[in-house]
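Novice: To start, I am sharing the structure in question, which I have written as structure tokens.
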Amino acid sequence: EEEAAELEELLGPSPLAPGPGAQRVAIVQPAVKWGPKKSPLTTAELQIAEAVALVDTLQNWTVLDKIIIPTKNPNKKFVFGKGNFQLLTEKIKKLPHVTAVFLNVERISSLTKKELEGAWGVKVFDRYTVVLHIFRCNAQTKEAKLQIALAEIPLLRSNLKNEVSQRDQQRGGSRYIMGSGETSIETQNRVLKERELKIRNALEKLRKKRSLLRTQRRRCEFPMVSVMGYTNCGKTTLIKALTGEAGLQPRDQLFATLDITAHGGYLPSHMAVIYVDTIGFLTDLPHNLVGSFSATLEEVAYSDLIVHVRDITHPETILQKETVLSVLRNLNLPSHLLDSMVEVHNKVDLIERYKPTEENALAVSALHGHGLEELKQEIEKKILTATGKKILTVNVNLEGPQLSWLYKEATVQEVEVMPDDGTAMVKVIISSSTFGRYKNLFPNSKIFMS
């Protein structure tokens with residue numbers, strides 16, 4: 001009970017949440033025209049379009065205006081040069097009913113945030129804050145909620161530092177000797193450290209529980225296929241198409257899936273597999289936000305195959321691919337998983353006569369079922385290689401226990417009965433370990449490799 005109460009406390013309302021009220025937002029996009037900060041794979045217009053999509057996923061949030069302002073270095077204190085900053089301030093002040101500005105940069109310091117809010121007279125959110133709030137609104141399970149609480153710790157720490165420097169400036173105290181408010185700050189720091197430790201411990205318990213479930217799944221020898229991709233690329237729609245699971249309701253929005261979910265399906269040979277739906281990726285997603293979800297993504301390392309889904313109609317599809325591959329590389333996955341990955345080009349129904357230029361990529365329309373059979377065959381081929389399973393035919397005596405043993409321990413595909421001699425030719429998918437047990441139990445059985 002004590003543990004449950006502590007967990008409830010950790011999952012309580014966030015001090016950083018913008019609150020349930022409506023927000024009327026002006027989106028500001030810094031446009032880097034040249035230099036090392038300019039990305040060759042995107043434009044300010046595409047970046048602001050994604051920022052709009054992020055805001056649109058939040059209930060009661062509306063976009064009032066979209067403003068693109070040039071800058072040489074988006075990392076400096078006010079993000080923009082003096083003249084452009086003044087222009088921007090005038091523009092924001094003229095907007096009627098604006099309640100917040102979404103500055104589409106990865107992260108701004110709490111000091112910059114305070115300065116900008118002072119200048120513009122409204123709340124200022126960066127990409128980290130907006131994405132975190134979307135996560136907060138979409139999280140269903142305790143694990144996802146805990147991971148969000150963990151991702152909030154750096155922000156709370158940053159706010160605390162800002163508070164210290166403000167007090168020191170106002171009262172002339174020093175941070176290094178017994179200055180103003182030191183004991184209170186020390187207490188808050190300690191409380192934050194304790195909170196972080198409690199969250200990590202609670203996540204570790206959930207991780208162990210999931211590890212136990214994984215072991216049970218391994219015992220059943222169900223192959224696992226992790227379906228990954230940029231947010232809103234159609235992962236859930238594809239899993240629904242591959243499994244026929246009617247209960248899956250894909251949503252056309254960013255970060256509709258936050259928790260890992262598992263769904264059973266069958267391959268052409270009737271082999272049962274588990275498809276794992278994972279959290280989507282996003283460009284410029286702050287590292288510790290990805291880090292907070294690494295426990296969830298850890299599941300991917302234990303899969304037999306990764307299917308990388310791409311929205312091939314998206315103007316930034318190449319940047320999105322790079323983002324996903326970069327995160328996957330940072331997860332320290334086994335090299336065979338990265339090498340055997342299946343790349344799926346989704347939403348090809350929206351492009352006339354689409355042909356993938358990338359080698360080994362498969363063109364699919366998850367919505368209309370185009371290319372699904374080829375995809376299932378490719379998944380089956382890769383799964384057989386990854387798991388060491390074999391497809392073979394064995395001759396069994398129908399009066400003996402062989403047939404019922406094979407039904408229980410392997411995947412029986414076909415049974416051809418030979419009534420004249422009371423035997424049957426049985427086509428099965430069988431793992432190496434199960435095949436070894438079969439040969440020991442039934443040494444006289446005739447075996448034909450497929």
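Convention: chains lettered A, B, ... in structure tokens order; per-chain residue numbering from 1; ligands numbered from 1 as shown.
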Enumerate as a PyMOL selection string all residues of stretch 221-383 of chain A assigned to helix (DSSP H, G or I) by DSSP on the backbone, naming them with the chain letters and numbers the document uses.
Specialist: chain A and resi 235-243+287-292+294-301+317-330+335-339+348-350+372-383
Novice: Counting only C-alpha atoms, what are the residues of stretch 38-141 of chain A within 12 Å of stretch 316-331 of chain A, and for each of them which pair of atoms is the nearest and at what distance in Å, to one decimal? Sort the table by chain and rising number, as a Markdown table.
Specialist:
| residue | atom | partner | partner_atom | distance |
| --- | --- | --- | --- | --- |
| A:Ser39 | CA | A:Leu319 | CA | 9.4 |
| A:Pro40 | CA | A:Leu319 | CA | 9.1 |
| A:Leu41 | CA | A:Leu319 | CA | 5.6 |
| A:Thr42 | CA | A:Glu316 | CA | 6.4 |
| A:Thr43 | CA | A:Glu316 | CA | 9.1 |
| A:Ala44 | CA | A:Glu316 | CA | 11.7 |
| A:Glu45 | CA | A:Glu316 | CA | 11.1 |
| A:Leu46 | CA | A:Glu316 | CA | 7.6 |
| A:Gln47 | CA | A:Glu316 | CA | 9.3 |
| A:Ala49 | CA | A:Glu316 | CA | 10.9 |
| A:Glu50 | CA | A:Glu316 | CA | 10.1 |
Novice: Any chance you could export the current selection's C-alpha atoms as a short mmCIF file (atom, residue, chain, number, x, y, z; two decimals), in the first residue's frame?
Specialist:
data_model
loop_
_atom_site.label_atom_id
_atom_site.label_comp_id
_atom_site.auth_asym_id
_atom_site.auth_seq_id
_atom_site.Cartn_x
_atom_site.Cartn_y
_atom_site.Cartn_z
CA SER A 39 20.04 21.81 -42.11
CA PRO A 40 20.32 20.76 -45.77
CA LEU A 41 17.37 18.34 -45.44
CA THR A 42 14.63 20.79 -44.45
CA THR A 43 13.31 24.34 -44.80
CA ALA A 44 11.79 26.83 -42.35
CA GLU A 45 8.40 26.31 -44.06
CA LEU A 46 8.53 22.52 -43.48
CA GLN A 47 9.71 23.02 -39.88
CA ALA A 49 4.37 22.94 -40.74
CA GLU A 50 5.51 20.26 -38.28
#
Novice: What's the separation between atom CA of A:Gly422 and atom CA of A:Arg437, in Å to one decimal place?
Specialist: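 Computing the Euclidean distance for atom CA of A:Gly422 and atom CA of A:Arg437 yields 23.6 Å.
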Novice: Just to confirm, what's the straight-line distance from atom CA of A:Asp420 to atom CA of A:Phe442 in Å (one decimal)?
Specialist: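 Separation between atom CA of A:Asp420 and atom CA of A:Phe442: 21.5 Å.
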Novice: A:Gly388, A:Pro334, A:Gly19, A:Gly280: which is nearest A:Cys137, counting only C-alpha atoms?
Specialist: A:Gly19
Novice: Which of these residues is nearest to A:Ile239, using only C-alpha atoms: A:Asp339, A:Ala366, A:Pro419, A:Asp304?
Specialist: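 Under the stated criterion, the closest residue is A:Ala366.
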Novice: Excluding A:Asp126 and any residue of its chain fewer than 6 positions from it, enumerate the residues within 8 Å of it, using only C-alpha atoms, and give them as a list in words.
Specialist: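 These residues fall inside the cut-off: Phe102, Leu103, Asn104, Val105, Glu106, Arg107 and Ile108 of chain A.
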Novice: Which residues of stretch 370-403 of chain A have any atom within 12 Å of an atom in stretch 345-352 of chain A when counting only C-alpha atoms, and what is the closest pair of atoms for each, with the distance in Å to one decimal? Order the rows by chain and rising number and write it as CSV.
Specialist:
residue,atom,partner,partner_atom,distance
A:His370,CA,A:Asp349,CA,8.0
A:Gly371,CA,A:Asn346,CA,9.6
A:Leu372,CA,A:Asn346,CA,10.5
A:Leu375,CA,A:His345,CA,10.7
Novice: Would you list the contacts of A:Gly121 as number ranges by chain, taking every protein, DNA or RNA residue within 12 Å and counting only C-alpha atoms, but skipping same-chain residues closer than 5 positions in sequence?
Specialist: A: 89-90, 92-95, 97-101, 113-116
Novice: Return the single residue from A:Gly244, A:Gly400, A:Pro15, A:Pro443 that is closest to A:Glu152, with distances computed using only C-alpha atoms.
Specialist: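 Once distances to A:Glu152 are computed over only C-alpha atoms, the minimum belongs to A:Pro15.
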Novice: Let me make sure I understand: among A:Ala22, A:Ile391, A:Leu282, A:Ala361, which one has the smallest atom-to-atom distance to A:Arg127 if we use only C-alpha atoms?
Specialist: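 For A:Arg127, the nearest of the given residues is A:Leu282.
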Novice: Quick one: everything within 12 Å of stretch 265-272 of chain A, counting only C-alpha atoms, minus sequence neighbours fewer than 4 positions away in the same chain. Send it as a compact mmCIF listing (two decimals) with all heavy atoms, in the first residue's frame.
Specialist:
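So the final result, stored in part_4.txt, reads:
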# COMPACT_ATOMS: atom_id res chain seq x y z
N ARG A 217 7.48 -15.10 -23.13
CA ARG A 217 7.23 -15.09 -24.57
C ARG A 217 8.28 -15.91 -25.30
O ARG A 217 7.98 -16.64 -26.23
CB ARG A 217 7.28 -13.65 -25.09
CG ARG A 217 5.94 -12.98 -25.16
CD ARG A 217 5.90 -11.95 -26.27
NE ARG A 217 6.97 -10.99 -26.23
CZ ARG A 217 6.92 -9.83 -25.59
NH1 ARG A 217 5.85 -9.51 -24.90
NH2 ARG A 217 7.93 -9.00 -25.62
N CYS A 220 7.60 -19.48 -25.28
CA CYS A 220 6.60 -19.87 -26.28
C CYS A 220 7.18 -19.80 -27.69
O CYS A 220 6.55 -20.23 -28.65
CB CYS A 220 5.38 -18.94 -26.21
SG CYS A 220 4.57 -18.96 -24.62
N GLU A 221 8.38 -19.22 -27.80
CA GLU A 221 9.11 -19.11 -29.06
C GLU A 221 8.36 -18.33 -30.14
O GLU A 221 8.43 -18.65 -31.31
CB GLU A 221 9.50 -20.50 -29.57
CG GLU A 221 10.53 -21.17 -28.68
CD GLU A 221 11.12 -22.44 -29.27
OE1 GLU A 221 10.39 -23.15 -29.97
OE2 GLU A 221 12.30 -22.71 -29.01
N PHE A 222 7.61 -17.30 -29.72
CA PHE A 222 6.97 -16.43 -30.71
C PHE A 222 8.00 -15.41 -31.19
O PHE A 222 8.54 -14.66 -30.38
CB PHE A 222 5.78 -15.66 -30.12
CG PHE A 222 4.58 -16.52 -29.85
CD1 PHE A 222 3.92 -16.46 -28.63
CD2 PHE A 222 4.08 -17.36 -30.84
CE1 PHE A 222 2.80 -17.24 -28.39
CE2 PHE A 222 2.97 -18.15 -30.61
CZ PHE A 222 2.33 -18.09 -29.38
N PRO A 223 8.27 -15.34 -32.49
CA PRO A 223 9.19 -14.30 -32.97
C PRO A 223 8.58 -12.92 -32.76
O PRO A 223 7.36 -12.76 -32.83
CB PRO A 223 9.35 -14.61 -34.45
CG PRO A 223 8.83 -16.00 -34.63
CD PRO A 223 7.81 -16.21 -33.57
N MET A 224 9.45 -11.92 -32.50
CA MET A 224 8.99 -10.56 -32.27
C MET A 224 9.47 -9.62 -33.37
O MET A 224 10.65 -9.61 -33.71
CB MET A 224 9.54 -10.05 -30.94
CG MET A 224 8.56 -10.17 -29.80
SD MET A 224 9.34 -9.58 -28.30
CE MET A 224 9.62 -7.88 -28.69
N VAL A 225 8.53 -8.84 -33.92
CA VAL A 225 8.85 -7.87 -34.97
C VAL A 225 8.54 -6.47 -34.43
O VAL A 225 7.40 -6.16 -34.13
CB VAL A 225 8.02 -8.14 -36.25
CG1 VAL A 225 8.36 -7.10 -37.32
CG2 VAL A 225 8.24 -9.55 -36.76
N LEU A 238 -0.34 -0.02 -40.31
CA LEU A 238 0.32 -1.18 -40.92
C LEU A 238 0.12 -2.42 -40.05
O LEU A 238 -0.20 -3.50 -40.56
CB LEU A 238 1.81 -0.90 -41.11
CG LEU A 238 2.59 -2.03 -41.80
CD1 LEU A 238 2.13 -2.25 -43.24
CD2 LEU A 238 4.08 -1.76 -41.79
N ILE A 239 0.28 -2.27 -38.73
CA ILE A 239 0.10 -3.42 -37.83
C ILE A 239 -1.34 -3.93 -37.91
O ILE A 239 -1.60 -5.14 -37.94
CB ILE A 239 0.50 -3.06 -36.38
CG1 ILE A 239 2.02 -2.87 -36.31
CG2 ILE A 239 0.06 -4.14 -35.40
CD1 ILE A 239 2.54 -2.34 -34.99
N LYS A 240 -2.29 -3.00 -37.99
CA LYS A 240 -3.70 -3.39 -38.13
C LYS A 240 -3.90 -4.20 -39.41
O LYS A 240 -4.60 -5.22 -39.44
CB LYS A 240 -4.59 -2.14 -38.11
CG LYS A 240 -6.08 -2.48 -38.14
CD LYS A 240 -6.95 -1.26 -37.99
CE LYS A 240 -8.41 -1.66 -37.95
NZ LYS A 240 -9.29 -0.54 -37.63
N ALA A 241 -3.26 -3.75 -40.50
CA ALA A 241 -3.39 -4.44 -41.79
C ALA A 241 -2.72 -5.82 -41.75
O ALA A 241 -3.23 -6.78 -42.33
CB ALA A 241 -2.77 -3.59 -42.89
N LEU A 242 -1.59 -5.93 -41.05
CA LEU A 242 -0.86 -7.21 -40.99
C LEU A 242 -1.53 -8.23 -40.07
O LEU A 242 -1.40 -9.42 -40.26
CB LEU A 242 0.58 -6.97 -40.52
CG LEU A 242 1.52 -6.25 -41.49
CD1 LEU A 242 2.82 -5.87 -40.80
CD2 LEU A 242 1.82 -7.12 -42.72
N THR A 243 -2.22 -7.73 -39.04
CA THR A 243 -2.81 -8.64 -38.04
C THR A 243 -4.32 -8.80 -38.18
O THR A 243 -4.89 -9.76 -37.66
CB THR A 243 -2.53 -8.13 -36.61
OG1 THR A 243 -3.14 -6.84 -36.46
CG2 THR A 243 -1.05 -8.03 -36.32
N GLY A 244 -4.96 -7.84 -38.84
CA GLY A 244 -6.43 -7.87 -38.95
C GLY A 244 -7.10 -7.58 -37.62
O GLY A 244 -8.27 -7.90 -37.40
N GLU A 245 -6.35 -6.94 -36.70
CA GLU A 245 -6.89 -6.67 -35.35
C GLU A 245 -7.84 -5.47 -35.41
O GLU A 245 -7.43 -4.32 -35.55
CB GLU A 245 -5.73 -6.38 -34.38
CG GLU A 245 -6.16 -6.45 -32.93
CD GLU A 245 -4.98 -6.30 -31.97
OE1 GLU A 245 -3.93 -6.94 -32.20
OE2 GLU A 245 -5.12 -5.54 -31.01
N VAL A 276 5.26 -5.49 -32.51
CA VAL A 276 5.35 -4.53 -31.41
C VAL A 276 5.27 -3.12 -31.97
O VAL A 276 6.07 -2.73 -32.82
CB VAL A 276 6.67 -4.74 -30.62
CG1 VAL A 276 6.79 -3.71 -29.52
CG2 VAL A 276 6.70 -6.14 -30.01
N LEU A 372 1.11 -5.88 -49.16
CA LEU A 372 1.20 -6.55 -47.85
C LEU A 372 1.72 -7.99 -47.96
O LEU A 372 2.45 -8.45 -47.09
CB LEU A 372 -0.15 -6.54 -47.14
CG LEU A 372 -0.63 -5.19 -46.60
CD1 LEU A 372 -1.91 -5.36 -45.81
CD2 LEU A 372 0.43 -4.53 -45.72
N GLU A 373 1.31 -8.71 -49.02
CA GLU A 373 1.74 -10.11 -49.15
C GLU A 373 3.25 -10.19 -49.34
O GLU A 373 3.91 -11.02 -48.71
CB GLU A 373 1.01 -10.81 -50.32
CG GLU A 373 -0.46 -11.12 -50.03
CD GLU A 373 -0.70 -11.73 -48.65
OE1 GLU A 373 -0.06 -12.76 -48.34
OE2 GLU A 373 -1.51 -11.18 -47.87
N GLU A 374 3.80 -9.29 -50.19
CA GLU A 374 5.26 -9.27 -50.40
C GLU A 374 5.96 -8.95 -49.08
O GLU A 374 7.00 -9.53 -48.76
CB GLU A 374 5.65 -8.20 -51.44
CG GLU A 374 5.18 -8.52 -52.85
CD GLU A 374 3.83 -7.90 -53.18
OE1 GLU A 374 2.96 -7.85 -52.27
OE2 GLU A 374 3.64 -7.50 -54.33
N LEU A 375 5.38 -8.02 -48.30
CA LEU A 375 5.98 -7.65 -47.02
C LEU A 375 5.97 -8.83 -46.05
O LEU A 375 6.98 -9.12 -45.40
CB LEU A 375 5.23 -6.45 -46.41
CG LEU A 375 5.67 -6.01 -45.01
CD1 LEU A 375 7.15 -5.65 -44.98
CD2 LEU A 375 4.84 -4.82 -44.53
N LYS A 376 4.85 -9.54 -45.98
CA LYS A 376 4.76 -10.70 -45.08
C LYS A 376 5.79 -11.76 -45.46
O LYS A 376 6.41 -12.38 -44.60
CB LYS A 376 3.35 -11.31 -45.12
CG LYS A 376 2.32 -10.51 -44.33
CD LYS A 376 0.96 -11.19 -44.43
CE LYS A 376 -0.12 -10.39 -43.72
NZ LYS A 376 -1.45 -11.01 -43.89
N GLN A 377 5.96 -11.98 -46.78
CA GLN A 377 6.94 -12.98 -47.22
C GLN A 377 8.36 -12.56 -46.85
O GLN A 377 9.18 -13.38 -46.42
CB GLN A 377 6.83 -13.17 -48.74
CG GLN A 377 5.67 -14.08 -49.12
CD GLN A 377 5.25 -13.94 -50.58
OE1 GLN A 377 5.95 -13.31 -51.38
NE2 GLN A 377 4.12 -14.52 -50.93
N GLU A 378 8.65 -11.26 -46.99
CA GLU A 378 9.98 -10.75 -46.63
C GLU A 378 10.22 -10.89 -45.12
O GLU A 378 11.31 -11.29 -44.69
CB GLU A 378 10.09 -9.27 -47.06
CG GLU A 378 11.44 -8.63 -46.81
CD GLU A 378 12.59 -9.22 -47.62
OE1 GLU A 378 12.34 -9.93 -48.61
OE2 GLU A 378 13.73 -8.96 -47.24
N ILE A 379 9.18 -10.57 -44.33
CA ILE A 379 9.29 -10.71 -42.86
C ILE A 379 9.55 -12.17 -42.50
O ILE A 379 10.42 -12.49 -41.70
CB ILE A 379 8.02 -10.17 -42.16
CG1 ILE A 379 7.95 -8.64 -42.28
CG2 ILE A 379 7.98 -10.59 -40.68
CD1 ILE A 379 6.63 -8.02 -41.81
N GLU A 380 8.81 -13.08 -43.16
CA GLU A 380 8.97 -14.52 -42.86
C GLU A 380 10.39 -14.99 -43.18
O GLU A 380 11.03 -15.68 -42.38
CB GLU A 380 7.96 -15.32 -43.67
CG GLU A 380 8.10 -16.83 -43.43
CD GLU A 380 6.89 -17.58 -43.92
OE1 GLU A 380 5.85 -17.54 -43.23
OE2 GLU A 380 6.96 -18.19 -45.00
N LYS A 381 10.89 -14.57 -44.34
CA LYS A 381 12.25 -14.98 -44.76
C LYS A 381 13.28 -14.52 -43.73
O LYS A 381 14.15 -15.29 -43.29
CB LYS A 381 12.54 -14.36 -46.14
CG LYS A 381 13.77 -14.92 -46.83
CD LYS A 381 13.91 -14.36 -48.24
CE LYS A 381 14.61 -13.02 -48.22
NZ LYS A 381 14.75 -12.39 -49.54
N LYS A 382 13.16 -13.24 -43.30
CA LYS A 382 14.12 -12.68 -42.34
C LYS A 382 13.97 -13.33 -40.95
O LYS A 382 14.96 -13.52 -40.24
CB LYS A 382 13.92 -11.16 -42.22
CG LYS A 382 14.23 -10.39 -43.51
CD LYS A 382 15.66 -9.86 -43.52
CE LYS A 382 16.07 -9.23 -44.82
NZ LYS A 382 15.94 -7.81 -44.87
N ILE A 383 12.72 -13.63 -40.57
CA ILE A 383 12.47 -14.26 -39.26
C ILE A 383 13.07 -15.66 -39.21
O ILE A 383 13.69 -16.06 -38.22
CB ILE A 383 10.95 -14.32 -38.96
CG1 ILE A 383 10.41 -12.93 -38.58
CG2 ILE A 383 10.62 -15.32 -37.85
CD1 ILE A 383 10.83 -12.40 -37.23
N LEU A 384 12.91 -16.43 -40.30
CA LEU A 384 13.48 -17.79 -40.33
C LEU A 384 14.99 -17.74 -40.17
O LEU A 384 15.58 -18.53 -39.44
CB LEU A 384 13.11 -18.50 -41.65
CG LEU A 384 11.65 -18.96 -41.77
CD1 LEU A 384 11.34 -19.42 -43.18
CD2 LEU A 384 11.32 -20.06 -40.77
N LYS A 389 14.85 -20.97 -37.28
CA LYS A 389 13.75 -21.93 -37.48
C LYS A 389 13.90 -22.57 -38.85
O LYS A 389 14.46 -22.00 -39.77
CB LYS A 389 12.39 -21.24 -37.38
CG LYS A 389 11.98 -20.89 -35.95
CD LYS A 389 10.63 -20.19 -35.92
CE LYS A 389 10.24 -19.75 -34.53
NZ LYS A 389 9.74 -20.83 -33.69
N LYS A 390 13.36 -23.80 -38.97
CA LYS A 390 13.44 -24.53 -40.24
C LYS A 390 12.03 -24.86 -40.71
O LYS A 390 11.13 -25.04 -39.89
CB LYS A 390 14.18 -25.87 -40.03
CG LYS A 390 15.61 -25.72 -39.55
CD LYS A 390 16.16 -27.11 -39.17
CE LYS A 390 17.65 -27.07 -38.91
NZ LYS A 390 18.02 -26.23 -37.78
N ILE A 391 11.86 -24.94 -42.03
CA ILE A 391 10.61 -25.49 -42.57
C ILE A 391 10.98 -26.85 -43.16
O ILE A 391 11.84 -26.95 -44.04
CB ILE A 391 10.00 -24.57 -43.66
CG1 ILE A 391 9.65 -23.20 -43.07
CG2 ILE A 391 8.75 -25.21 -44.25
CD1 ILE A 391 9.05 -22.20 -44.04
N LEU A 392 10.37 -27.92 -42.63
CA LEU A 392 10.69 -29.26 -43.13
C LEU A 392 9.46 -30.16 -43.11
O LEU A 392 8.44 -29.84 -42.49
CB LEU A 392 11.86 -29.87 -42.36
CG LEU A 392 11.91 -29.73 -40.84
CD1 LEU A 392 11.20 -30.89 -40.20
CD2 LEU A 392 13.36 -29.70 -40.39
N ALA A 410 5.48 -27.37 -32.33
CA ALA A 410 5.94 -26.66 -33.54
C ALA A 410 4.73 -26.05 -34.25
O ALA A 410 3.62 -26.09 -33.74
CB ALA A 410 6.67 -27.65 -34.44
N THR A 411 4.96 -25.46 -35.43
CA THR A 411 3.85 -24.91 -36.23
C THR A 411 3.59 -25.86 -37.39
O THR A 411 4.40 -25.96 -38.31
CB THR A 411 4.21 -23.51 -36.77
OG1 THR A 411 4.52 -22.67 -35.67
CG2 THR A 411 3.05 -22.90 -37.53
N VAL A 412 2.47 -26.59 -37.31
CA VAL A 412 2.11 -27.54 -38.37
C VAL A 412 1.43 -26.76 -39.50
O VAL A 412 0.45 -26.05 -39.28
CB VAL A 412 1.18 -28.66 -37.83
CG1 VAL A 412 0.70 -29.55 -38.97
CG2 VAL A 412 1.91 -29.48 -36.78
N GLN A 413 1.97 -26.90 -40.72
CA GLN A 413 1.41 -26.17 -41.86
C GLN A 413 0.46 -27.03 -42.70
O GLN A 413 -0.60 -26.58 -43.09
CB GLN A 413 2.55 -25.68 -42.76
CG GLN A 413 3.38 -24.59 -42.13
CD GLN A 413 4.42 -24.11 -43.11
OE1 GLN A 413 5.38 -24.82 -43.37
NE2 GLN A 413 4.23 -22.94 -43.66
N GLU A 414 0.91 -28.22 -43.01
CA GLU A 414 0.09 -29.11 -43.85
C GLU A 414 0.21 -30.55 -43.36
O GLU A 414 1.28 -30.95 -42.87
CB GLU A 414 0.58 -29.09 -45.31
CG GLU A 414 0.29 -27.81 -46.07
CD GLU A 414 1.06 -27.77 -47.39
OE1 GLU A 414 1.41 -28.85 -47.93
OE2 GLU A 414 1.33 -26.65 -47.86
N LYS A 427 4.14 -31.07 -42.87
CA LYS A 427 5.04 -29.93 -43.11
C LYS A 427 5.00 -29.04 -41.88
O LYS A 427 3.92 -28.61 -41.44
CB LYS A 427 4.58 -29.15 -44.34
CG LYS A 427 5.60 -28.15 -44.85
CD LYS A 427 5.11 -27.47 -46.10
CE LYS A 427 6.11 -26.45 -46.61
NZ LYS A 427 5.58 -25.68 -47.74
N VAL A 428 6.16 -28.78 -41.28
CA VAL A 428 6.21 -28.00 -40.03
C VAL A 428 7.26 -26.91 -40.07
O VAL A 428 8.24 -26.99 -40.82
CB VAL A 428 6.53 -28.90 -38.79
CG1 VAL A 428 5.39 -29.82 -38.45
CG2 VAL A 428 7.84 -29.65 -38.96
N ILE A 429 7.02 -25.87 -39.22
CA ILE A 429 8.07 -24.87 -38.93
C ILE A 429 8.52 -25.20 -37.52
O ILE A 429 7.70 -25.27 -36.59
CB ILE A 429 7.52 -23.44 -38.98
CG1 ILE A 429 6.97 -23.12 -40.37
CG2 ILE A 429 8.60 -22.44 -38.62
CD1 ILE A 429 6.21 -21.83 -40.43
N ILE A 430 9.82 -25.38 -37.36
CA ILE A 430 10.31 -25.88 -36.06
C ILE A 430 11.64 -25.22 -35.72
O ILE A 430 12.47 -24.98 -36.61
CB ILE A 430 10.42 -27.44 -36.13
CG1 ILE A 430 10.61 -28.07 -34.76
CG2 ILE A 430 11.49 -27.90 -37.11
CD1 ILE A 430 10.32 -29.57 -34.73
N SER A 431 11.83 -24.88 -34.46
CA SER A 431 13.09 -24.27 -34.05
C SER A 431 14.16 -25.35 -33.91
O SER A 431 13.84 -26.54 -33.76
CB SER A 431 12.92 -23.54 -32.72
OG SER A 431 12.77 -24.48 -31.68
Novice: Which of these, A:Ser109, A:Val394, A:Ala246, A:Asn444, has the shortest distance to A:Asn159 once you count only C-alpha atoms?
Specialist: A:Ser109
Novice: For A:Gln29, which of A:Trp61, A:Tyr438, A:Phe80, A:Tyr407 is the closest residue, counting only C-alpha atoms?
Specialist: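 Among the listed residues, the smallest separation from A:Gln29 belongs to A:Phe80.
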